[in-house]
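**Student:** If it helps, the file is called protein.txt and holds compact mmCIF, C-alpha atoms:
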# COMPACT_ATOMS: atom_id res chain seq x y z
CA MET A 1411 0.00 0.00 0.00
CA GLY A 1412 1.10 3.56 -0.66
CA SER A 1413 4.38 4.76 -2.12
CA GLY A 1414 7.73 5.95 -0.88
CA THR A 1415 10.29 4.32 1.39
CA PRO A 1416 9.51 0.59 1.87
CA VAL A 1417 8.53 -0.67 5.29
CA VAL A 1418 8.01 -4.43 5.66
CA LEU A 1419 5.43 -5.63 8.19
CA LEU A 1420 5.54 -9.19 9.57
CA HIS A 1421 2.63 -10.72 11.46
CA GLY A 1422 2.45 -13.20 14.32
CA PHE A 1423 2.37 -16.99 14.33
CA GLY A 1424 -0.89 -18.45 13.08
CA LEU A 1425 -2.21 -15.08 11.88
CA ASP A 1426 -1.89 -13.21 8.60
CA HIS A 1427 -1.14 -9.67 7.41
CA ARG A 1428 -4.59 -8.43 8.44
CA SER A 1429 -3.52 -8.48 12.09
CA LEU A 1430 -1.22 -5.50 11.40
CA LEU A 1431 -3.60 -3.47 9.23
CA PRO A 1432 -4.76 -1.40 12.24
CA LEU A 1433 -1.34 0.27 12.01
CA ASP A 1434 -1.76 1.34 8.40
CA PRO A 1435 -3.26 4.77 9.21
CA VAL A 1436 -0.07 5.61 11.14
CA PHE A 1437 2.05 5.11 8.02
CA GLU A 1438 -0.51 6.91 5.87
CA ARG A 1439 -0.50 9.96 8.16
CA SER A 1440 3.30 9.95 8.40
CA GLY A 1441 3.52 10.07 4.61
CA GLY A 1442 6.05 8.68 2.18
CA TRP A 1443 5.93 5.02 3.23
CA GLN A 1444 5.25 2.08 0.97
CA ARG A 1445 3.82 -0.63 3.22
CA ILE A 1446 4.69 -4.20 2.25
CA TYR A 1447 2.57 -6.66 4.23
CA LEU A 1448 3.93 -10.18 3.91
CA ASP A 1449 1.89 -13.30 4.66
CA LEU A 1450 4.40 -15.68 6.21
CA PRO A 1451 4.59 -19.32 5.03
CA GLY A 1452 1.58 -21.21 6.39
CA ALA A 1453 -0.56 -18.09 6.67
CA THR A 1454 -3.76 -17.59 4.67
CA GLY A 1455 -3.00 -18.07 0.98
CA SER A 1456 0.77 -18.38 1.52
CA PRO A 1457 1.91 -21.98 0.98
CA ALA A 1458 4.52 -23.30 3.39
CA GLY A 1459 5.94 -25.74 0.86
CA ALA A 1460 8.83 -27.66 2.36
CA ILE A 1461 9.47 -25.14 5.16
CA ARG A 1462 9.83 -26.93 8.47
CA SER A 1463 11.35 -24.40 10.91
CA SER A 1464 11.36 -20.78 11.99
CA GLN A 1465 14.85 -20.44 10.58
CA GLN A 1466 13.57 -21.45 7.16
CA VAL A 1467 10.73 -18.95 7.53
CA ALA A 1468 13.26 -16.23 8.38
CA ASP A 1469 15.45 -17.10 5.40
CA ALA A 1470 12.43 -17.13 3.09
CA VAL A 1471 11.45 -13.67 4.35
CA VAL A 1472 14.96 -12.33 3.68
CA ASP A 1473 14.77 -13.72 0.13
CA GLU A 1474 11.31 -12.19 -0.40
CA ILE A 1475 12.43 -8.79 0.84
CA ARG A 1476 15.48 -8.85 -1.41
CA ALA A 1477 13.23 -9.69 -4.36
CA ARG A 1478 10.82 -6.85 -3.56
CA VAL A 1479 13.09 -3.99 -2.49
CA ASP A 1480 16.39 -5.03 -4.11
CA GLU A 1481 19.04 -2.76 -2.57
CA GLN A 1482 16.69 0.02 -1.44
CA PRO A 1483 16.86 1.10 2.19
CA PHE A 1484 13.82 -0.10 4.13
CA ALA A 1485 12.40 -0.36 7.63
CA VAL A 1486 10.93 -3.48 9.22
CA LEU A 1487 8.27 -4.02 11.90
CA GLY A 1488 7.13 -7.32 13.35
CA GLY A 1489 4.46 -8.40 15.80
CA SER A 1490 4.94 -11.38 18.16
CA PHE A 1491 6.59 -14.17 16.09
CA GLY A 1492 7.00 -11.59 13.34
CA GLY A 1493 9.07 -9.57 15.80
CA MET A 1494 11.57 -12.42 16.06
CA ILE A 1495 11.73 -12.64 12.27
CA ALA A 1496 12.05 -8.85 12.00
CA ARG A 1497 15.05 -8.88 14.35
CA TYR A 1498 16.67 -11.52 12.14
CA VAL A 1499 15.96 -9.53 8.97
CA ALA A 1500 17.29 -6.30 10.49
CA HIS A 1501 20.60 -7.90 11.40
CA GLU A 1502 21.07 -9.96 8.23
CA LEU A 1503 20.34 -6.97 5.99
CA ARG A 1504 21.69 -4.31 8.37
CA PRO A 1505 23.45 -2.13 5.72
CA GLN A 1506 20.12 -1.23 4.12
CA VAL A 1507 17.87 -1.28 7.23
CA LEU A 1508 16.64 2.16 8.27
CA GLY A 1509 14.89 1.04 11.43
CA LEU A 1510 13.48 -1.88 13.40
CA ALA A 1511 10.30 -2.11 15.49
CA THR A 1512 8.73 -4.98 17.40
CA VAL A 1513 5.29 -5.09 19.00
CA ALA A 1514 4.89 -7.79 21.66
CA GLY A 1515 7.82 -9.42 19.90
CA VAL A 1516 9.27 -12.84 20.66
CA PHE A 1517 12.73 -12.47 22.19
CA VAL A 1518 12.98 -15.92 23.77
CA ALA A 1519 11.59 -18.63 21.49
CA PRO A 1520 11.10 -21.61 23.86
CA ARG A 1521 7.91 -20.94 25.82
CA GLY A 1522 9.19 -22.59 28.96
CA GLU A 1523 12.20 -20.27 29.08
CA ARG A 1524 10.31 -16.96 28.80
CA ALA A 1525 9.93 -14.62 31.75
CA VAL A 1526 6.20 -13.86 31.72
CA PRO A 1527 3.82 -12.39 34.30
CA PRO A 1528 0.92 -14.46 35.65
CA ARG A 1529 -2.26 -14.51 33.60
CA THR A 1530 -4.27 -11.42 34.57
CA VAL A 1531 -7.58 -10.11 33.24
CA LEU A 1532 -8.17 -6.51 34.29
CA SER A 1533 -11.75 -6.17 33.05
CA ARG A 1534 -14.52 -8.30 31.58
CA GLU A 1535 -17.16 -7.10 29.14
CA PRO A 1536 -20.32 -9.25 29.11
CA GLY A 1537 -21.53 -7.55 25.93
CA ILE A 1538 -18.87 -9.28 23.86
CA VAL A 1539 -20.30 -12.75 24.50
CA PRO A 1540 -23.11 -12.61 21.89
CA LEU A 1541 -20.93 -10.53 19.58
CA LEU A 1542 -18.10 -13.06 19.42
CA GLY A 1543 -20.15 -16.25 19.61
CA ALA A 1544 -17.96 -19.24 18.78
CA ALA A 1545 -14.88 -16.99 18.66
CA LEU A 1546 -15.20 -16.01 22.34
CA GLY A 1547 -12.64 -18.57 23.50
CA GLN A 1548 -10.11 -17.46 20.89
CA TYR A 1549 -10.50 -13.82 21.92
CA ARG A 1550 -10.31 -14.48 25.64
CA GLU A 1551 -7.17 -16.58 25.30
CA ASP A 1552 -5.08 -13.37 25.21
CA ALA A 1553 -7.46 -10.53 26.16
CA VAL A 1554 -6.55 -8.51 29.25
CA VAL A 1555 -8.94 -5.56 28.89
CA GLU A 1556 -12.13 -6.65 27.14
CA SER A 1557 -14.20 -4.21 25.09
CA THR A 1558 -16.68 -4.33 22.24
CA ASP A 1559 -14.31 -2.28 20.07
CA ASP A 1560 -11.54 -4.82 20.62
CA ALA A 1561 -13.95 -7.67 19.93
CA HIS A 1562 -14.94 -6.12 16.60
CA ALA A 1563 -11.25 -5.63 15.75
CA PHE A 1564 -10.56 -9.26 16.66
CA LEU A 1565 -13.30 -10.47 14.30
CA ARG A 1566 -12.03 -8.27 11.50
CA HIS A 1567 -8.26 -8.56 11.82
CA ILE A 1568 -7.40 -11.66 13.85
CA ARG A 1569 -9.99 -14.39 13.38
CA PRO A 1570 -9.68 -14.59 9.55
CA GLY A 1571 -5.99 -15.40 9.90
CA LEU A 1572 -6.63 -17.98 12.62
CA ASP A 1573 -9.27 -19.68 10.51
CA GLY A 1574 -7.27 -19.52 7.27
CA ALA A 1575 -3.93 -20.78 8.55
CA ASP A 1576 -2.42 -24.07 7.41
CA GLN A 1577 -2.41 -25.76 10.81
CA ARG A 1578 -0.42 -28.77 9.69
CA ALA A 1579 2.35 -26.51 8.40
CA LEU A 1580 2.30 -24.43 11.59
CA ASP A 1581 2.54 -27.56 13.73
CA ARG A 1582 5.55 -28.64 11.70
CA ILE A 1583 7.26 -25.24 12.04
CA SER A 1584 6.46 -25.00 15.75
CA GLU A 1585 8.51 -28.13 16.38
CA SER A 1586 11.59 -26.07 15.37
CA TYR A 1587 10.36 -22.71 16.64
CA SER A 1588 13.74 -21.25 17.63
CA LEU A 1589 16.11 -19.61 15.19
CA ASP A 1590 19.46 -21.34 14.74
CA HIS A 1591 21.10 -18.39 16.51
CA GLU A 1592 19.78 -15.21 18.10
CA PRO A 1593 20.52 -12.31 15.74
CA GLU A 1594 21.98 -10.13 18.52
CA ASP A 1595 24.46 -12.90 19.33
CA THR A 1596 25.40 -13.62 15.72
CA HIS A 1597 25.89 -9.88 15.08
CA PRO A 1598 27.01 -8.60 18.50
CA GLU A 1599 28.05 -5.12 17.40
CA PRO A 1600 25.43 -2.60 18.63
CA PHE A 1601 22.44 -2.07 16.31
CA LEU A 1602 22.43 1.68 15.58
CA PRO A 1603 19.38 2.42 13.38
CA PRO A 1604 16.35 3.87 15.22
CA THR A 1605 14.57 1.06 17.03
CA LEU A 1606 11.35 0.58 18.98
CA HIS A 1607 10.33 -2.33 21.19
CA ILE A 1608 6.77 -2.16 22.56
CA THR A 1609 5.72 -4.69 25.21
CA GLY A 1610 2.65 -5.31 27.37
CA ARG A 1611 2.86 -5.30 31.17
CA GLN A 1612 0.24 -8.07 31.38
CA ASP A 1613 1.46 -10.04 28.34
CA ASP A 1614 1.62 -13.63 29.59
CA VAL A 1615 2.57 -14.96 26.14
CA VAL A 1616 5.98 -13.28 25.55
CA GLY A 1617 6.26 -11.02 28.60
CA TYR A 1618 8.26 -7.81 28.60
CA SER A 1619 11.53 -8.35 30.48
CA ASP A 1620 13.07 -10.63 27.84
CA ALA A 1621 13.01 -7.71 25.41
CA TRP A 1622 14.60 -5.41 27.97
CA SER A 1623 17.45 -7.87 28.46
CA ARG A 1624 18.69 -6.72 25.03
CA ILE A 1625 18.65 -3.01 25.84
CA ASP A 1626 22.45 -2.58 25.62
CA HIS A 1627 22.46 -4.00 22.10
CA TYR A 1628 20.15 -1.21 20.87
CA PRO A 1629 21.66 2.21 21.78
CA ARG A 1630 19.05 4.00 19.61
CA ALA A 1631 16.04 2.12 20.91
CA SER A 1632 12.93 3.25 22.74
CA PHE A 1633 11.66 0.49 25.03
CA ALA A 1634 8.05 0.78 26.21
CA VAL A 1635 6.12 -1.37 28.67
CA LEU A 1636 2.42 -0.47 28.48
CA ASP A 1637 0.05 -1.14 31.35
CA ALA A 1638 -3.43 -2.55 30.68
CA ALA A 1639 -2.03 -4.47 27.73
CA GLY A 1640 -1.51 -8.15 27.05
CA HIS A 1641 -0.52 -9.87 23.85
CA ASN A 1642 -3.39 -8.06 22.09
CA ILE A 1643 -1.53 -4.81 22.71
CA LEU A 1644 -2.32 -3.34 19.30
CA PHE A 1645 -6.01 -3.32 20.23
CA GLU A 1646 -5.86 -2.78 23.97
CA GLN A 1647 -3.42 0.14 23.72
CA GLY A 1648 -3.83 1.03 20.06
CA ASP A 1649 -3.50 4.81 20.46
CA LEU A 1650 -0.26 4.52 22.45
CA CYS A 1651 1.19 1.99 19.99
CA SER A 1652 0.31 4.29 17.10
CA ALA A 1653 1.92 7.29 18.79
CA LEU A 1654 5.11 5.36 19.53
CA ILE A 1655 5.34 4.04 15.98
CA ALA A 1656 4.73 7.52 14.54
CA GLU A 1657 7.61 8.82 16.68
CA TRP A 1658 9.82 5.92 15.51
CA LEU A 1659 9.08 6.88 11.89
CA ARG A 1660 10.03 10.50 12.64
CA ARG A 1661 13.35 9.35 14.09
CA ILE A 1662 14.04 7.31 10.96
CA ARG A 1663 13.33 10.33 8.77
CA ARG A 1664 15.60 12.57 10.85
CA ASP A 1665 18.41 10.04 10.62
CA ALA A 1666 18.00 9.67 6.87
CA THR A 1667 18.08 13.45 6.43
CA ALA A 1668 21.12 13.84 8.67
CA HIS A 1669 23.11 11.27 6.70
CA ARG A 1670 22.41 12.61 3.22
Once you've parsed the file, please lay out its structure as structure tokens.

**Tutor:**
Amino acid sequence: MGSGTPVVLLHGFGLDHRSLLPLDPVFERSGGWQRIYLDLPGATGSPAGAIRSSQQVADAVVDEIRARVDEQPFAVLGGSFGGMIARYVAHELRPQVLGLATVAGVFVAPRGERAVPPRTVLSREPGIVPLLGAALGQYREDAVVESTDDAHAFLRHIRPGLDGADQRALDRISESYSLDHEPEDTHPEPFLPPTLHITGRQDDVVGYSDAWSRIDHYPRASFAVLDAAGHNILFEQGDLCSALIAEWLRRIRRDATAHR
């Protein structure tokens, strides 16, 4: 969508590109960004083929980005699993990466090794029960602050990807969910492009402190932990996420101008 500097957006595991479309108005308002939404292998309409691991997903994404942007500078943003892939992309293609952002990104792949807070629900909304129907369980799996607006967003942006995913392919990939090496360890020199890592204080899926453990690697990073936000942070704290991403885009533009 749009035209200008490419920014690649990578969705979470078991979802598709629609889960990140709520962010599109931020890029539209910022101006001059060509948004490239990739459906990862196994997502709706994106065959997994012979891919059997997250590492193979990451390598396929690098190949796809090279095919689409060639040697153009670009930025990359990833949500959840897409955040892990975005970190890999940013380090593998560092010379042409203008900026990196993760939203509730995976920083520790094995679930049992993540530092996560206990499951907490801050508010219930009875009105969502008839609205969501059979999707109620899917929504409540991650919801921390329930609302009818979030429920509508879930039905529009999240459920289609859940229903359209190739579950057999995802099961196969999930058996090798970790990357071969963490990108910050493979490329230990500090990552200098403008960076943003947004996490949820009540996110019991990926937590928040694992991201902060990498703070020294990202000297130009803003780290944000948002209260009243779980793994559905883009819905539960959408305005704050949008403001932080808009500021990240401004930093990228300032850097690009300063280095001309």

**Student:** Have a look at atom CA of Pro1600 of chain A and atom CA of Pro1483 of chain A and let me know their distance in Å, one decimal.

**Tutor:**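 So the answer is 18.9 Å.
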
**Student:** To one decimal in Å, tell me the separation between atom CA of Ser1429 of chain A and atom CA of Tyr1549 of chain A.

**Tutor:**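 Taking atom CA of Ser1429 of chain A and atom CA of Tyr1549 of chain A, their separation equals 13.2 Å.
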
**Student:** Point out the residue among A:Leu1450, A:Val1615, A:Trp1622, A:Val1471 with the least atom-to-atom distance to Leu1503 of chain A, counting only C-alpha atoms.

**Tutor:**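 When distances to Leu1503 of chain A are compared using only C-alpha atoms, the smallest one comes from A:Val1471.
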
**Student:** What gap, in Å, lies between atom CA of Glu1502 of chain A and atom CA of Leu1419 of chain A?

**Tutor:**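 Between these atoms lies a distance of 16.2 Å.
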
**Student:** Nearest to Phe1423 of chain A among A:Gln1647, A:Ser1440, A:Thr1530, A:Thr1454, with distances taken over all atoms listed in the file: which residue is it?

**Tutor:**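 Among the listed residues, A:Thr1454 lies closest to Phe1423 of chain A.
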
**Student:** Within 6 Å of (14.5, -7.6, 5.6), in the coordinates the file gives, what residues turn up when you count only C-alpha atoms, written out as a PyMOL selection string?

**Tutor:** chain A and resi 1472+1475+1499-1500+1503

**Student:** Keeping C-alpha atoms, export the residues of the selection given above as a compact mmCIF listing (two decimals), in the frame of the given file.

**Tutor:**
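And here is the file that came out, selection06.txt:
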# COMPACT_ATOMS: atom_id res chain seq x y z
CA VAL A 1472 14.96 -12.33 3.68
CA ILE A 1475 12.43 -8.79 0.84
CA VAL A 1499 15.96 -9.53 8.97
CA ALA A 1500 17.29 -6.30 10.49
CA LEU A 1503 20.34 -6.97 5.99

**Student:** Taking only C-alpha atoms into account, produce a table as a tab-separated table in which each residue of segment 1492-1536 of chain A with an atom at most 12 Å from an atom of segment 1634-1642 of chain A appears once, together with its shortest atom pair and the distance in Å to one decimal, ordered by chain and rising number.

**Tutor:**
residue	atom	partner	partner_atom	distance
A:Ala1511	CA	A:Ala1634	CA	11.3
A:Thr1512	CA	A:Ala1634	CA	10.5
A:Val1513	CA	A:His1641	CA	9.0
A:Ala1514	CA	A:His1641	CA	6.2
A:Gly1515	CA	A:His1641	CA	9.2
A:Val1516	CA	A:His1641	CA	10.7
A:Val1526	CA	A:Gly1640	CA	10.7
A:Pro1527	CA	A:Gly1640	CA	9.9
A:Pro1528	CA	A:Gly1640	CA	10.9
A:Arg1529	CA	A:Gly1640	CA	9.2
A:Thr1530	CA	A:Gly1640	CA	8.7
A:Val1531	CA	A:Gly1640	CA	8.9
A:Leu1532	CA	A:Ala1638	CA	7.2
A:Ser1533	CA	A:Ala1638	CA	9.4

**Student:** List the neighbours of Ile1538 of chain A out to 9 Å using only C-alpha atoms; skip same-chain residues closer than 5 positions along the sequence, and give me the result as a list in words.

**Tutor:**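 Result of the neighbour search: Gly1543, Leu1546, Glu1556, Ser1557, Thr1558, Ala1561 and His1562 of chain A.
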
**Student:** Keeping only C-alpha atoms, write the selected residues to a file as a PDB file, in the frame of the given file.

**Tutor:**
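Below is the file selection_13.pdb, written as the result:
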ATOM      1  CA  GLY A1543     -20.150 -16.250  19.610  1.00  0.00           C
ATOM      2  CA  LEU A1546     -15.200 -16.010  22.340  1.00  0.00           C
ATOM      3  CA  GLU A1556     -12.130  -6.650  27.140  1.00  0.00           C
ATOM      4  CA  SER A1557     -14.200  -4.210  25.090  1.00  0.00           C
ATOM      5  CA  THR A1558     -16.680  -4.330  22.240  1.00  0.00           C
ATOM      6  CA  ALA A1561     -13.950  -7.670  19.930  1.00  0.00           C
ATOM      7  CA  HIS A1562     -14.940  -6.120  16.600  1.00  0.00           C
TER       8      HIS A1562
END

**Student:** Kindly indicate which residue among A:Arg1624, A:His1567, A:Arg1439, A:Arg1660 lies nearest to Leu1644 of chain A, using only C-alpha atoms for the distances.

**Tutor:** A:His1567

**Student:** Name the closest residue to Ser1463 of chain A among the candidates A:Tyr1587, A:Phe1517, A:Phe1437, A:Tyr1628; distances are taken between atoms, counting only C-alpha atoms.

**Tutor:**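 Ranking A:Tyr1587, A:Phe1517, A:Phe1437, A:Tyr1628 by distance to Ser1463 of chain A, first place goes to A:Tyr1587.
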
**Student:** Report as a PyMOL selection string all protein, DNA and RNA residues lying within 9 Å of Ile1568 of chain A, evaluated on only C-alpha atoms, omitting residues in the same chain fewer than 2 positions from it.

**Tutor:** chain A and resi 1425-1426+1428-1429+1549+1563-1566+1570-1573

**Student:** Using only C-alpha atoms, please write the residues we just selected to a file, as a JSON list (two decimals), in the frame of the given file.

**Tutor:**
[["chain", "number", "residue", "atom", "x", "y", "z"],
["A", 1425, "LEU", "CA", -2.21, -15.08, 11.88],
["A", 1426, "ASP", "CA", -1.89, -13.21, 8.60],
["A", 1428, "ARG", "CA", -4.59, -8.43, 8.44],
["A", 1429, "SER", "CA", -3.52, -8.48, 12.09],
["A", 1549, "TYR", "CA", -10.50, -13.82, 21.92],
["A", 1563, "ALA", "CA", -11.25, -5.63, 15.75],
["A", 1564, "PHE", "CA", -10.56, -9.26, 16.66],
["A", 1565, "LEU", "CA", -13.30, -10.47, 14.30],
["A", 1566, "ARG", "CA", -12.03, -8.27, 11.50],
["A", 1570, "PRO", "CA", -9.68, -14.59, 9.55],
["A", 1571, "GLY", "CA", -5.99, -15.40, 9.90],
["A", 1572, "LEU", "CA", -6.63, -17.98, 12.62],
["A", 1573, "ASP", "CA", -9.27, -19.68, 10.51]]

**Student:** Identify which of the residues A:Asp1590, A:Gly1459, A:Gln1465, A:Gly1509 lies closest to Ile1655 of chain A, counting only C-alpha atoms when measuring atom-to-atom distances.

**Tutor:**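 Distance minimum relative to Ile1655 of chain A lands on A:Gly1509.
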
**Student:** Closest to Ser1619 of chain A among A:Leu1420, A:Val1436, A:Leu1602, A:Val1518, using all atoms listed in the file?

**Tutor:**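 Selected residue with least distance to Ser1619 of chain A: A:Val1518.
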